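J.: My structure file work_35.cif, mmCIF, C-alpha atoms, is below:
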data_coords
#
loop_
_atom_site.label_atom_id
_atom_site.label_comp_id
_atom_site.auth_asym_id
_atom_site.auth_seq_id
_atom_site.Cartn_x
_atom_site.Cartn_y
_atom_site.Cartn_z
CA MET D 15 54.88 20.81 -17.80
CA ILE D 16 55.37 20.70 -21.57
CA GLU D 17 52.60 22.79 -23.13
CA THR D 18 52.99 21.75 -26.75
CA PRO D 19 54.00 18.44 -28.31
CA THR D 20 57.27 18.91 -30.22
CA GLN D 21 55.67 18.69 -33.67
CA PHE D 22 53.92 22.01 -33.00
CA ASP D 23 57.01 23.62 -31.51
CA ASP D 24 58.82 25.56 -34.24
CA SER D 25 61.09 27.55 -31.93
CA LYS D 26 64.86 27.15 -32.33
CA PRO D 27 66.49 24.68 -29.95
CA ILE D 28 68.44 26.37 -27.18
CA VAL D 29 72.10 25.36 -26.84
CA VAL D 30 73.77 26.34 -23.57
CA LEU D 31 77.52 26.96 -23.84
CA VAL D 32 79.51 27.12 -20.61
CA ASP D 33 83.13 28.20 -21.02
CA ASP D 34 85.17 30.65 -18.94
CA CYS D 35 86.77 32.13 -22.05
CA PRO D 36 84.66 34.92 -23.64
CA SER D 37 86.63 34.56 -26.89
CA ILE D 38 85.05 31.11 -27.30
CA HIS D 39 81.57 32.62 -26.75
CA ARG D 40 82.12 35.20 -29.48
CA LEU D 41 83.69 32.71 -31.85
CA LEU D 42 80.92 30.12 -31.54
CA SER D 43 78.16 32.75 -31.60
CA ALA D 44 79.52 33.91 -34.97
CA ARG D 45 80.44 30.52 -36.39
CA LEU D 46 77.18 28.80 -35.42
CA LYS D 47 74.97 31.63 -36.70
CA SER D 48 73.93 29.61 -39.72
CA GLU D 49 72.75 26.69 -37.57
CA GLN D 50 69.10 26.73 -36.54
CA ILE D 51 69.90 27.16 -32.86
CA GLU D 52 69.76 29.79 -30.15
CA LEU D 53 73.12 29.88 -28.40
CA ALA D 54 73.14 31.02 -24.76
CA CYS D 55 76.68 31.62 -23.46
CA PHE D 56 77.79 31.54 -19.82
CA GLU D 57 81.12 31.87 -18.05
CA ASP D 58 79.65 30.70 -14.75
CA GLY D 59 78.21 27.18 -14.50
CA ARG D 60 75.74 28.01 -11.74
CA GLU D 61 74.16 30.78 -13.78
CA ALA D 62 73.93 28.39 -16.71
CA ILE D 63 72.10 25.79 -14.61
CA GLU D 64 69.60 28.35 -13.32
CA TYR D 65 68.97 29.54 -16.85
CA ALA D 66 68.62 25.97 -18.14
CA LYS D 67 66.08 25.04 -15.47
CA SER D 68 63.74 27.71 -16.77
CA GLN D 69 64.46 27.48 -20.50
CA SER D 70 64.53 23.73 -21.31
CA PRO D 71 67.63 23.67 -23.51
CA SER D 72 68.22 20.96 -26.12
CA LEU D 73 71.98 20.72 -25.66
CA PHE D 74 74.82 21.67 -23.32
CA ILE D 75 78.35 22.38 -24.53
CA LEU D 76 80.69 22.36 -21.54
CA ASP D 77 84.29 23.28 -21.05
CA ILE D 78 86.00 21.21 -18.33
CA GLU D 79 88.62 23.47 -16.81
CA MET D 80 86.71 26.39 -15.30
CA PRO D 81 87.46 28.32 -12.10
CA GLU D 82 84.22 28.21 -10.09
CA ILE D 83 82.48 25.01 -11.04
CA ASP D 84 84.30 22.73 -13.45
CA GLY D 85 82.83 20.68 -16.29
CA TYR D 86 82.75 17.44 -14.28
CA GLU D 87 80.79 19.10 -11.49
CA MET D 88 78.45 20.59 -14.09
CA LEU D 89 77.84 17.08 -15.43
CA ARG D 90 76.93 15.88 -11.94
CA VAL D 91 74.55 18.77 -11.33
CA ILE D 92 72.85 18.33 -14.71
CA LYS D 93 72.38 14.59 -14.22
CA ASP D 94 70.96 15.18 -10.72
CA GLU D 95 68.38 17.64 -12.02
CA SER D 96 65.33 15.75 -13.29
CA SER D 97 64.33 18.44 -15.79
CA LEU D 98 67.80 18.47 -17.39
CA ARG D 99 68.86 14.83 -17.10
CA ASP D 100 67.95 13.91 -20.69
CA VAL D 101 69.57 16.93 -22.32
CA PRO D 102 72.62 15.77 -24.32
CA ILE D 103 76.02 17.15 -23.39
CA ILE D 104 79.07 17.77 -25.55
CA MET D 105 82.32 18.38 -23.68
CA LEU D 106 84.51 20.95 -25.43
CA SER D 107 87.87 20.83 -23.75
CA GLY D 108 91.58 21.31 -24.21
CA LEU D 109 92.13 18.16 -22.15
CA SER D 110 92.83 15.45 -24.67
CA ASN D 111 93.96 12.45 -22.66
CA ALA D 112 91.89 9.30 -22.43
CA GLU D 113 91.31 9.56 -18.65
CA ASP D 114 89.57 12.90 -18.99
CA LYS D 115 87.37 11.59 -21.79
CA VAL D 116 86.49 8.42 -19.89
CA ALA D 117 85.64 10.44 -16.76
CA ALA D 118 83.36 12.72 -18.79
CA PHE D 119 81.57 9.84 -20.53
CA ASP D 120 81.17 7.99 -17.22
CA LEU D 121 79.54 11.07 -15.74
CA GLY D 122 77.03 11.17 -18.57
CA ALA D 123 78.57 13.22 -21.40
CA ASN D 124 77.34 12.19 -24.85
CA ASP D 125 80.28 13.48 -26.85
CA TYR D 126 83.74 14.94 -26.41
CA VAL D 127 85.45 17.43 -28.71
CA THR D 128 88.99 18.58 -28.04
CA LYS D 129 90.22 22.14 -28.50
CA PRO D 130 91.40 23.39 -30.88
CA PHE D 131 88.37 22.06 -32.70
CA ASP D 132 87.49 21.71 -36.32
CA LEU D 133 84.45 23.89 -36.88
CA ALA D 134 82.75 21.67 -39.45
CA GLU D 135 83.15 18.69 -37.13
CA LEU D 136 81.78 20.60 -34.15
CA ARG D 137 78.77 21.71 -36.20
CA ALA D 138 78.11 18.12 -37.28
CA ARG D 139 78.37 16.89 -33.71
CA ILE D 140 75.97 19.59 -32.51
CA ARG D 141 73.47 18.58 -35.19
CA ALA D 142 73.81 14.91 -34.23
CA ALA D 143 73.25 15.72 -30.55
CA LEU D 144 70.19 17.82 -31.37
CA ARG D 145 68.78 14.97 -33.48
CA LEU D 146 69.30 12.62 -30.56
CA HIS D 147 67.51 14.98 -28.19
CA SER D 148 64.63 15.43 -30.58
CA MET D 149 64.20 11.66 -30.96
CA VAL D 150 64.35 11.05 -27.21
CA GLN D 151 61.70 13.70 -26.68
CA MET D 152 59.56 12.27 -29.44
CA LEU D 153 59.70 8.78 -27.95
CA ALA D 154 58.81 10.09 -24.51
CA GLN D 155 55.90 12.02 -25.94
CA ARG D 156 54.62 9.32 -28.29
CA ALA D 157 52.77 7.58 -25.47
CA GLN D 158 51.09 10.87 -24.62
CA VAL D 159 50.32 12.25 -28.05
CA ASP D 160 47.29 11.59 -30.23
CA GLY D 161 48.45 9.88 -33.41
CA LEU D 162 46.14 11.67 -35.84
CA THR D 163 46.18 15.25 -34.61
CA GLY D 164 49.51 15.46 -32.80
CA LEU D 165 47.82 17.05 -29.78
CA TRP D 166 48.19 15.59 -26.30
CA ASN D 167 45.96 12.54 -25.79
CA ARG D 168 43.26 11.80 -23.23
CA ALA D 169 45.61 10.06 -20.78
CA TYR D 170 47.89 13.09 -20.72
CA PHE D 171 44.88 15.37 -20.34
CA ASP D 172 43.68 13.40 -17.30
CA ASP D 173 47.09 13.78 -15.60
CA GLN D 174 47.47 17.44 -16.43
CA TRP D 175 43.90 18.35 -15.49
CA LYS D 176 44.36 16.70 -12.11
CA ALA D 177 47.63 18.58 -11.65
CA ALA D 178 46.09 21.90 -12.74
CA THR D 179 43.18 21.64 -10.28
CA ALA D 180 45.55 20.52 -7.51
CA ARG D 181 47.73 23.58 -8.15
CA VAL D 182 44.70 25.88 -7.93
CA ASN D 183 43.57 24.15 -4.73
CA ARG D 184 47.01 24.67 -3.20
CA HIS D 185 47.96 28.09 -4.46
CA GLY D 186 44.71 29.65 -5.69
CA GLY D 187 44.54 31.64 -8.91
CA PRO D 188 42.21 31.45 -11.90
CA LEU D 189 41.72 28.33 -14.02
CA SER D 190 39.43 27.55 -16.94
CA LEU D 191 38.61 24.43 -18.90
CA ALA D 192 37.16 24.56 -22.41
CA MET D 193 35.55 21.56 -24.13
CA PHE D 194 35.05 21.57 -27.91
CA ASP D 195 32.88 19.32 -30.05
CA ILE D 196 32.86 19.66 -33.84
CA ASP D 197 29.27 20.09 -35.02
CA HIS D 198 27.68 17.39 -37.20
CA PHE D 199 31.01 15.62 -37.51
CA LYS D 200 29.35 12.30 -38.28
CA SER D 201 27.68 13.77 -41.34
CA ILE D 202 31.09 14.97 -42.67
CA ASN D 203 32.39 11.42 -42.36
CA ASP D 204 29.21 9.93 -43.87
CA THR D 205 28.94 12.41 -46.74
CA TYR D 206 32.56 13.02 -47.73
CA GLY D 207 34.32 9.97 -46.33
CA HIS D 208 36.64 9.35 -43.41
CA PRO D 209 39.70 11.02 -45.03
CA ALA D 210 37.67 14.25 -45.14
CA GLY D 211 36.72 13.78 -41.47
CA ASP D 212 40.36 13.16 -40.56
CA ALA D 213 41.40 16.28 -42.45
CA VAL D 214 38.90 18.30 -40.39
CA LEU D 215 40.30 16.89 -37.13
CA GLU D 216 43.90 17.56 -38.18
CA SER D 217 43.16 21.10 -39.37
CA PHE D 218 41.19 21.88 -36.23
CA ALA D 219 44.09 20.66 -34.09
CA LYS D 220 46.46 22.96 -36.00
CA LEU D 221 44.03 25.85 -35.62
CA ILE D 222 43.85 25.30 -31.86
CA SER D 223 47.65 25.05 -31.58
CA ARG D 224 48.07 28.30 -33.49
CA THR D 225 45.47 30.16 -31.48
CA ILE D 226 46.05 29.18 -27.85
CA ARG D 227 48.61 30.85 -25.61
CA GLN D 228 51.89 29.23 -24.61
CA THR D 229 50.58 28.37 -21.16
CA ASP D 230 47.44 26.64 -22.46
CA LEU D 231 47.38 22.90 -22.98
CA ALA D 232 45.31 21.44 -25.84
CA CYS D 233 44.26 17.79 -26.00
CA ARG D 234 42.19 15.53 -28.17
CA PHE D 235 39.65 14.34 -25.66
CA GLY D 236 38.26 11.62 -27.91
CA GLY D 237 36.52 11.36 -31.31
CA GLU D 238 35.69 14.87 -32.41
CA GLU D 239 35.99 16.28 -28.89
CA PHE D 240 38.89 18.48 -27.80
CA ALA D 241 39.78 20.13 -24.51
CA ILE D 242 41.97 23.08 -23.54
CA ILE D 243 43.27 23.54 -20.01
CA MET D 244 43.83 27.24 -19.43
CA PRO D 245 45.85 27.99 -16.29
CA GLU D 246 45.81 31.50 -14.83
CA THR D 247 42.80 32.27 -17.01
CA SER D 248 39.41 33.59 -15.91
CA PRO D 249 36.25 32.42 -17.73
CA THR D 250 36.08 35.82 -19.46
CA GLU D 251 39.65 35.55 -20.75
CA ALA D 252 39.04 31.94 -21.79
CA THR D 253 35.98 33.04 -23.74
CA ALA D 254 38.03 35.48 -25.81
CA VAL D 255 40.54 32.77 -26.79
CA CYS D 256 37.84 30.19 -27.57
CA GLU D 257 35.79 32.65 -29.59
CA ARG D 258 38.82 33.21 -31.82
CA VAL D 259 39.01 29.44 -32.40
CA ARG D 260 35.27 29.25 -33.15
CA ALA D 261 35.32 32.19 -35.57
CA GLN D 262 38.41 30.97 -37.42
CA LEU D 263 36.97 27.49 -37.86
CA GLU D 264 33.69 28.90 -39.16
CA ALA D 265 35.60 31.04 -41.68
CA ALA D 266 37.83 28.17 -42.89
CA ARG D 267 37.31 26.78 -46.39
CA TRP D 268 37.70 23.08 -47.08
CA PRO D 269 39.18 21.77 -50.34
CA ARG D 270 37.36 18.44 -49.99
CA HIS D 271 33.96 20.05 -49.38
CA PRO D 272 34.06 23.75 -50.28
CA GLU D 273 30.27 23.89 -50.15
CA LYS D 274 30.13 22.88 -46.49
CA ASN D 275 31.78 24.80 -43.71
CA VAL D 276 32.61 23.28 -40.35
CA THR D 277 31.65 24.71 -36.96
CA VAL D 278 32.28 23.86 -33.35
CA SER D 279 30.36 24.12 -30.09
CA ILE D 280 32.25 25.08 -26.97
CA GLY D 281 31.60 24.74 -23.25
CA ILE D 282 33.71 26.67 -20.75
CA ALA D 283 33.82 26.20 -16.98
CA GLY D 284 36.20 28.40 -15.08
CA SER D 285 36.78 30.36 -11.95
CA SER D 286 38.89 33.34 -10.97
CA THR D 287 38.91 32.39 -7.29
CA PRO D 288 39.52 29.12 -5.39
CA ILE D 289 36.26 27.13 -5.13
CA ALA D 290 34.99 24.03 -3.38
CA ILE D 291 34.77 21.67 -6.34
CA GLN D 292 36.18 18.26 -7.24
CA THR D 293 38.30 17.71 -10.34
CA ASP D 294 35.62 15.54 -11.99
CA GLN D 295 32.84 17.97 -11.11
CA TRP D 296 34.71 20.76 -12.86
CA LEU D 297 35.04 18.60 -15.96
CA ASN D 298 31.34 17.73 -15.82
CA GLN D 299 30.48 21.42 -15.60
CA ALA D 300 32.45 22.14 -18.79
CA ASP D 301 30.74 19.18 -20.45
CA GLU D 302 27.30 20.48 -19.42
CA GLN D 303 28.12 23.85 -20.95
CA LEU D 304 29.18 22.11 -24.14
CA TYR D 305 25.80 20.41 -24.39
CA ALA D 306 24.06 23.66 -23.53
CA ALA D 307 25.85 25.22 -26.54
CA LYS D 308 24.69 22.29 -28.70
CA ARG D 309 21.10 22.61 -27.50
CA ALA D 310 21.15 26.36 -28.14
CA GLY D 311 21.84 25.76 -31.84
CA ARG D 312 25.58 24.84 -32.10
CA ASN D 313 28.46 27.01 -33.42
CA ARG D 314 28.54 28.95 -30.16
CA LEU D 315 30.01 29.11 -26.68
CA SER D 316 28.32 28.50 -23.36
CA ILE D 317 30.16 29.65 -20.26
CA VAL D 318 29.79 29.12 -16.54
CA ASP D 319 31.69 31.00 -13.88
CA LEU D 320 31.97 28.35 -11.20
CA ALA D 321 32.55 30.96 -8.52
CA ASP D 322 28.85 31.85 -8.93
CA SER D 323 27.56 28.30 -8.49
CA PHE D 324 30.10 26.79 -6.12
CA GLY D 325 31.02 28.39 -2.84
CA PRO D 326 34.52 29.45 -1.97
CA ARG D 327 36.80 26.67 -0.77
CA LEU D 328 36.23 26.14 2.95
CA ALA D 329 39.82 26.93 3.77
CA ASP D 330 39.37 30.31 2.13
CA ALA D 331 35.88 31.02 3.46
CA GLY D 332 37.28 32.66 6.55
CA MET E 26 90.03 29.86 -45.86
CA GLY E 27 93.71 30.50 -46.65
CA PRO E 28 96.60 29.57 -44.42
CA GLU E 29 97.71 31.92 -41.65
CA SER E 30 100.13 34.32 -43.39
CA GLN E 31 103.41 34.92 -41.60
CA SER E 32 106.48 37.06 -42.07
CA SER E 33 109.35 37.59 -39.66
CA ASP E 34 107.53 40.44 -37.94
CA ARG E 35 103.84 39.92 -38.71
CA ILE E 36 101.12 37.25 -38.66
CA ARG E 37 97.72 37.60 -40.24
CA SER E 38 94.70 35.45 -39.44
CA ALA E 39 93.84 32.65 -41.85
CA PHE E 40 90.26 33.98 -41.75
CA TRP E 41 91.11 37.60 -42.51
CA GLU E 42 89.49 37.41 -45.95
CA GLU E 43 86.15 36.45 -44.38
CA GLU E 44 84.32 39.75 -44.01
CA ASP E 45 82.12 38.67 -41.12
CA MET E 46 85.14 37.46 -39.14
CA ARG E 47 87.15 40.68 -39.30
CA GLU E 48 85.47 42.41 -36.38
CA LEU E 49 85.88 39.30 -34.24
CA ILE E 50 89.53 38.91 -35.22
CA ASP E 51 90.07 42.59 -34.44
CA LEU E 52 88.64 42.08 -30.95
CA PHE E 53 90.62 38.88 -30.38
CA VAL E 54 93.89 40.54 -31.39
CA ALA E 55 93.10 43.60 -29.26
CA GLU E 56 92.70 41.26 -26.30
CA LEU E 57 96.04 39.63 -27.10
CA GLY E 58 97.61 42.87 -25.85
CA THR E 59 95.97 42.33 -22.47
CA ARG E 60 97.01 38.70 -22.45
CA ILE E 61 100.64 39.65 -23.15
CA GLU E 62 100.48 42.00 -20.16
CA ASP E 63 98.91 39.29 -17.99
CA LEU E 64 101.55 36.80 -19.07
CA SER E 65 104.42 39.25 -18.47
CA ILE E 66 103.20 40.17 -14.99
CA ALA E 67 102.66 36.51 -14.10
CA TRP E 68 106.15 35.72 -15.41
CA GLN E 69 107.76 38.44 -13.30
CA ARG E 70 105.92 37.14 -10.24
CA GLN E 71 106.62 33.53 -11.25
CA HIS E 72 102.88 32.70 -11.02
CA THR E 73 102.82 29.37 -12.80
CA ASP E 74 99.07 28.85 -12.45
CA GLN E 75 98.19 32.19 -13.99
CA ILE E 76 100.51 31.56 -16.94
CA ARG E 77 98.93 28.13 -17.36
CA VAL E 78 95.37 29.58 -17.40
CA VAL E 79 96.23 32.10 -20.15
CA ALA E 80 98.14 29.46 -22.13
CA HIS E 81 95.23 27.05 -21.76
CA GLN E 82 92.73 29.59 -23.05
CA LEU E 83 94.92 30.62 -25.98
CA SER E 84 95.60 27.02 -26.93
CA GLY E 85 91.86 26.33 -27.10
CA VAL E 86 90.67 29.35 -28.99
CA SER E 87 93.44 30.81 -31.18
CA ALA E 88 93.03 28.42 -34.11
CA GLY E 89 89.34 29.31 -34.21
CA TYR E 90 90.36 32.90 -34.97
CA GLY E 91 92.81 31.80 -37.62
CA PHE E 92 95.99 31.89 -35.51
CA SER E 93 96.92 28.23 -35.31
CA SER E 94 100.59 29.05 -34.64
CA ILE E 95 99.62 30.92 -31.44
CA GLY E 96 97.40 27.99 -30.44
CA GLU E 97 100.26 25.52 -30.96
CA ALA E 98 102.77 27.67 -29.07
CA ALA E 99 100.28 28.10 -26.21
CA GLN E 100 99.71 24.36 -26.12
CA GLN E 101 103.45 23.69 -25.97
CA LEU E 102 103.80 26.14 -23.07
CA GLU E 103 100.80 24.60 -21.30
CA HIS E 104 102.25 21.09 -21.69
CA ALA E 105 105.70 22.23 -20.56
CA LEU E 106 104.15 23.75 -17.44
CA ILE E 107 102.53 20.45 -16.42
CA ASP E 108 105.88 19.18 -15.09
CA VAL E 109 106.80 22.44 -13.37
CA ALA E 110 106.21 22.57 -9.61
CA PRO E 111 104.23 25.63 -8.42
CA ASP E 112 107.26 27.21 -6.73
CA ALA E 113 109.89 26.11 -9.30
CA ASP E 114 111.97 28.49 -11.42
CA LEU E 115 110.22 29.08 -14.72
CA ALA E 116 113.48 29.38 -16.65
CA CYS E 117 112.91 25.85 -17.97
CA VAL E 118 109.93 27.05 -20.02
CA GLN E 119 111.56 30.32 -21.10
CA SER E 120 111.80 29.36 -24.78
CA GLN E 121 108.10 28.28 -25.03
CA PHE E 122 107.05 31.42 -23.14
CA SER E 123 109.08 33.72 -25.40
CA GLU E 124 107.82 32.00 -28.52
CA LEU E 125 104.19 32.55 -27.46
CA LEU E 126 104.78 36.20 -26.60
CA ASP E 127 106.58 36.77 -29.89
CA LEU E 128 103.73 35.25 -31.92
CA CYS E 129 101.13 37.33 -30.04
CA GLN E 130 103.12 40.49 -30.73
CA ARG E 131 103.44 39.58 -34.41
CA ALA E 132 99.67 39.03 -34.59
CA ILE E 133 99.13 42.51 -33.16
CA ALA E 134 101.63 43.95 -35.64
CA GLY E 135 99.83 42.12 -38.46
CA MET E 136 96.63 44.07 -37.98
CA PRO E 137 96.06 46.91 -40.46
CA GLN E 138 96.86 50.28 -38.93
CA GLU E 139 93.94 52.74 -38.69
#
Just dump the structure as structure tokens.
T.:
Amino acid sequence: MIETPTQFDDSKPIVVLVDDCPSIHRLLSARLKSEQIELACFEDGREAIEYAKSQSPSLFILDIEMPEIDGYEMLRVIKDESSLRDVPIIMLSGLSNAEDKVAAFDLGANDYVTKPFDLAELRARIRAALRLHSMVQMLAQRAQVDGLTGLWNRAYFDDQWKAATARVNRHGGPLSLAMFDIDHFKSINDTYGHPAGDAVLESFAKLISRTIRQTDLACRFGGEEFAIIMPETSPTEATAVCERVRAQLEAARWPRHPEKNVTVSIGIAGSSTPIAIQTDQWLNQADEQLYAAKRAGRNRLSIVDLADSFGPRLADAG
Amino acid sequence: MGPESQSSDRIRSAFWEEEDMRELIDLFVAELGTRIEDLSIAWQRQHTDQIRVVAHQLSGVSAGYGFSSIGEAAQQLEHALIDVAPDADLACVQSQFSELLDLCQRAIAGMPQE
């Protein structure tokens, strides 16, 4: 699961280099230092694949002639692995005949650089491959990202919420859902105009993205409503994160309307233990807490621990 | 970057004037000693594949450390070995082999003495 749309991801792209010659590792680590990348070097292809599965790299650079698993086999493994299939691959090889290049391209390589290589050219090709990867990711995400705020959209939320509750039903563990609604949003639009309202939504989205943990997933639920799925998080832990968001929004100053601050009401429904509840019911519970926070005067949180109101899941009831 | 500087008994990396490359060049040249040993042992035992692996690695990486002459000599040896059967006498690649060893030794001699 991708937790953050790419526009909020400012980490350096990971480039996985697989070459059985350590001198190449040292050389490229030094010569690519000025590029905005994190280079991970491996002599063994299998280790590289295991690493890549957990680290979502943006590019592979593969030698062909290697003792254990050669570059062609690496290409096959990468293309068979759904999480790595779209990662571009540059072959960096001493083999310079056309057959080797054709074989590599046919197996899915995006580029081919022969050794000895020109460093400036290799850098340019790496940058081009990273641009390609970034664009492919952006296109894939566009259908799932909210155009104004850059957060995940409602359709993506629905999928991920279903998946999150299914995971908890299967494996147990805590899960919390937080719903946010910006207070008196209509009056901001009516008083200061829609650009001011949009600026509030955009800034709030950035504030959420900055504040949540890497494992949390933030979405624009619709209008001025937002949701955060918080896996492995008890209602108490979720409250601490959401309170930070609430307090920071309250403290924010707005260039378009410095005289009026903006606040948010928050409803949290979570559980530390597996419970007998449907996906939609859980969502409704968070929604009810949101409206409880509104009724209680806004700019506050209302929390329910679902373990108190819903029994344990039958399978776990003993 | 200047050209690789050569004399009859010494070679110095084309990147030697780049401060941040010196440590890497030092390490690369230090490893050339090991590679010479590997090549010599493989030659004595007539292990074509082992010679080819070392030549292949040197041909790919040497220019990156500023030793393009070593890279070219390694490539010539690697190419010459393509036509040599695994159990054939290696005398037919003697000149390419000697040239590579000589260049590696001159690179080692070209390093400043402590």
J.: Could you check how far CA of Asp160 in chain D sits from CA of Arg234 in chain D, in Å to one decimal?
T.: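 Here the two named atoms are 6.8 Å from each other.
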J.: One number please: CA of Tyr65 in chain D to CA of Asp84 in chain D, in Å, one decimal.
T.: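 Atom-to-atom, CA of Tyr65 in chain D and CA of Asp84 in chain D are spaced 17.1 Å apart.
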J.: I'd like a table as a tab-separated table: residues in chain E with an atom no more than 8 Å from chain D, each row giving the shortest atom pair and its distance in Å to one decimal, only C-alpha atoms counted, sorted by chain and rising residue number.
T.:
residue	atom	partner	partner_atom	distance
E:Met46	CA	D:Ala44	CA	7.8
E:Leu49	CA	D:Arg40	CA	7.3
E:Phe53	CA	D:Ser37	CA	6.8
E:His81	CA	D:Gly108	CA	7.2
E:Gln82	CA	D:Cys35	CA	6.6
E:Ser84	CA	D:Pro130	CA	6.8
E:Gly85	CA	D:Lys129	CA	4.7
E:Val86	CA	D:Ile38	CA	6.1
E:Ser87	CA	D:Pro130	CA	7.7
E:Ala88	CA	D:Pro130	CA	6.2
E:Gly89	CA	D:Leu41	CA	7.0
E:Tyr90	CA	D:Leu41	CA	7.4
E:Gly96	CA	D:Pro130	CA	7.6
J.: I'd like to see the residues matched by the PyMOL selection byres ((chain E and resi 56-59) around 10) on this file, and ideally I'd get them as a ChimeraX atom specification.
T.: /D:37 /E:50-55,60-65,83,126,129-130,132-133
J.: Box for range 127-132 of chain E - axis-aligned, 5 Å on each of the six sides, all listed atoms - centre and size in Å to one decimal, as AutoDock Vina command-line options.
T.:
--center_x 103.1 --center_y 37.9 --center_z -32.2 --size_x 16.9 --size_y 15.2 --size_z 14.7
J.: Run the PyMOL selection byres ((chain E and resi 109-117) around 8) on the file and write out the hits as a VMD selection string.
T.: chain E and resid 68 71 to 74 105 to 108 118 to 120
J.: Just the residues within 7 Å of Ile95 in chain E, please, counting all atoms listed in the file, with nothing from its chain fewer than 3 positions along; format it as a list in words.
T.: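 Near neighbours after the sequence-gap exclusion: Ser87, Phe92, Ala98, Ala99, Leu125, Leu128 and Cys129 of chain E.
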J.: Using only C-alpha atoms, list the residues that have an atom at most 12 Å from (42.2, 32.7, -23.8), coordinates as in the file, as a ChimeraX atom specification.
T.: /D:188-192,222,225-232,242-259,282,284
J.: Counting all atoms listed in the file, which residue out of D:Val29, D:Glu135, D:Leu121, D:Pro272 sits closest to Ser43 in chain D?
T.: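 Selected residue with least distance to Ser43 in chain D: D:Val29.
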J.: Selected by the PyMOL selection byres ((chain D and resi 68) around 12) in the shown coordinates: which residues, as a tab-separated table (two decimals) with C-alpha atoms, in the coordinates of the input?
T.:
chain	number	residue	atom	x	y	z
D	15	MET	CA	54.88	20.81	-17.80
D	16	ILE	CA	55.37	20.70	-21.57
D	28	ILE	CA	68.44	26.37	-27.18
D	61	GLU	CA	74.16	30.78	-13.78
D	62	ALA	CA	73.93	28.39	-16.71
D	63	ILE	CA	72.10	25.79	-14.61
D	64	GLU	CA	69.60	28.35	-13.32
D	65	TYR	CA	68.97	29.54	-16.85
D	66	ALA	CA	68.62	25.97	-18.14
D	67	LYS	CA	66.08	25.04	-15.47
D	69	GLN	CA	64.46	27.48	-20.50
D	70	SER	CA	64.53	23.73	-21.31
D	71	PRO	CA	67.63	23.67	-23.51
D	97	SER	CA	64.33	18.44	-15.79
D	98	LEU	CA	67.80	18.47	-17.39
J.: So, with only C-alpha atoms as the atoms that count, which of D:Ile104, D:Ile83, D:Leu31, D:Ala213 lies closest to His271 in chain D?
T.: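 Answer, going by the shortest atom-to-atom distance: D:Ala213.
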J.: So which one's closest to Leu304 in chain D, D:Met193, D:Ala241, D:Ile78, D:Ala219? Using all atoms listed in the file, please.
T.: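 For Leu304 in chain D, the nearest of the candidates is D:Met193.
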J.: Would you kindly return, as number ranges by chain, each protein, DNA or RNA residue with an atom no farther than 12 Å from any atom of Lys274 in chain D, considering all atoms listed in the file and excluding same-chain residues fewer than 3 positions away?
T.: D: 197-199, 201-202, 205-206, 210, 214, 263-271, 277
J.: So the first atom is CA of Asp125 in chain D and the second is CA of Leu76 in chain D; what is the distance between them in Å, to one decimal place?
T.: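 So the answer is 10.4 Å.
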J.: Between D:Met149, D:Ala118, D:Leu53, D:Ile280, which has the minimum distance to Glu87 in chain D (counting all atoms listed in the file)?
T.: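 That would be D:Ala118, the residue with the smallest distance to Glu87 in chain D.
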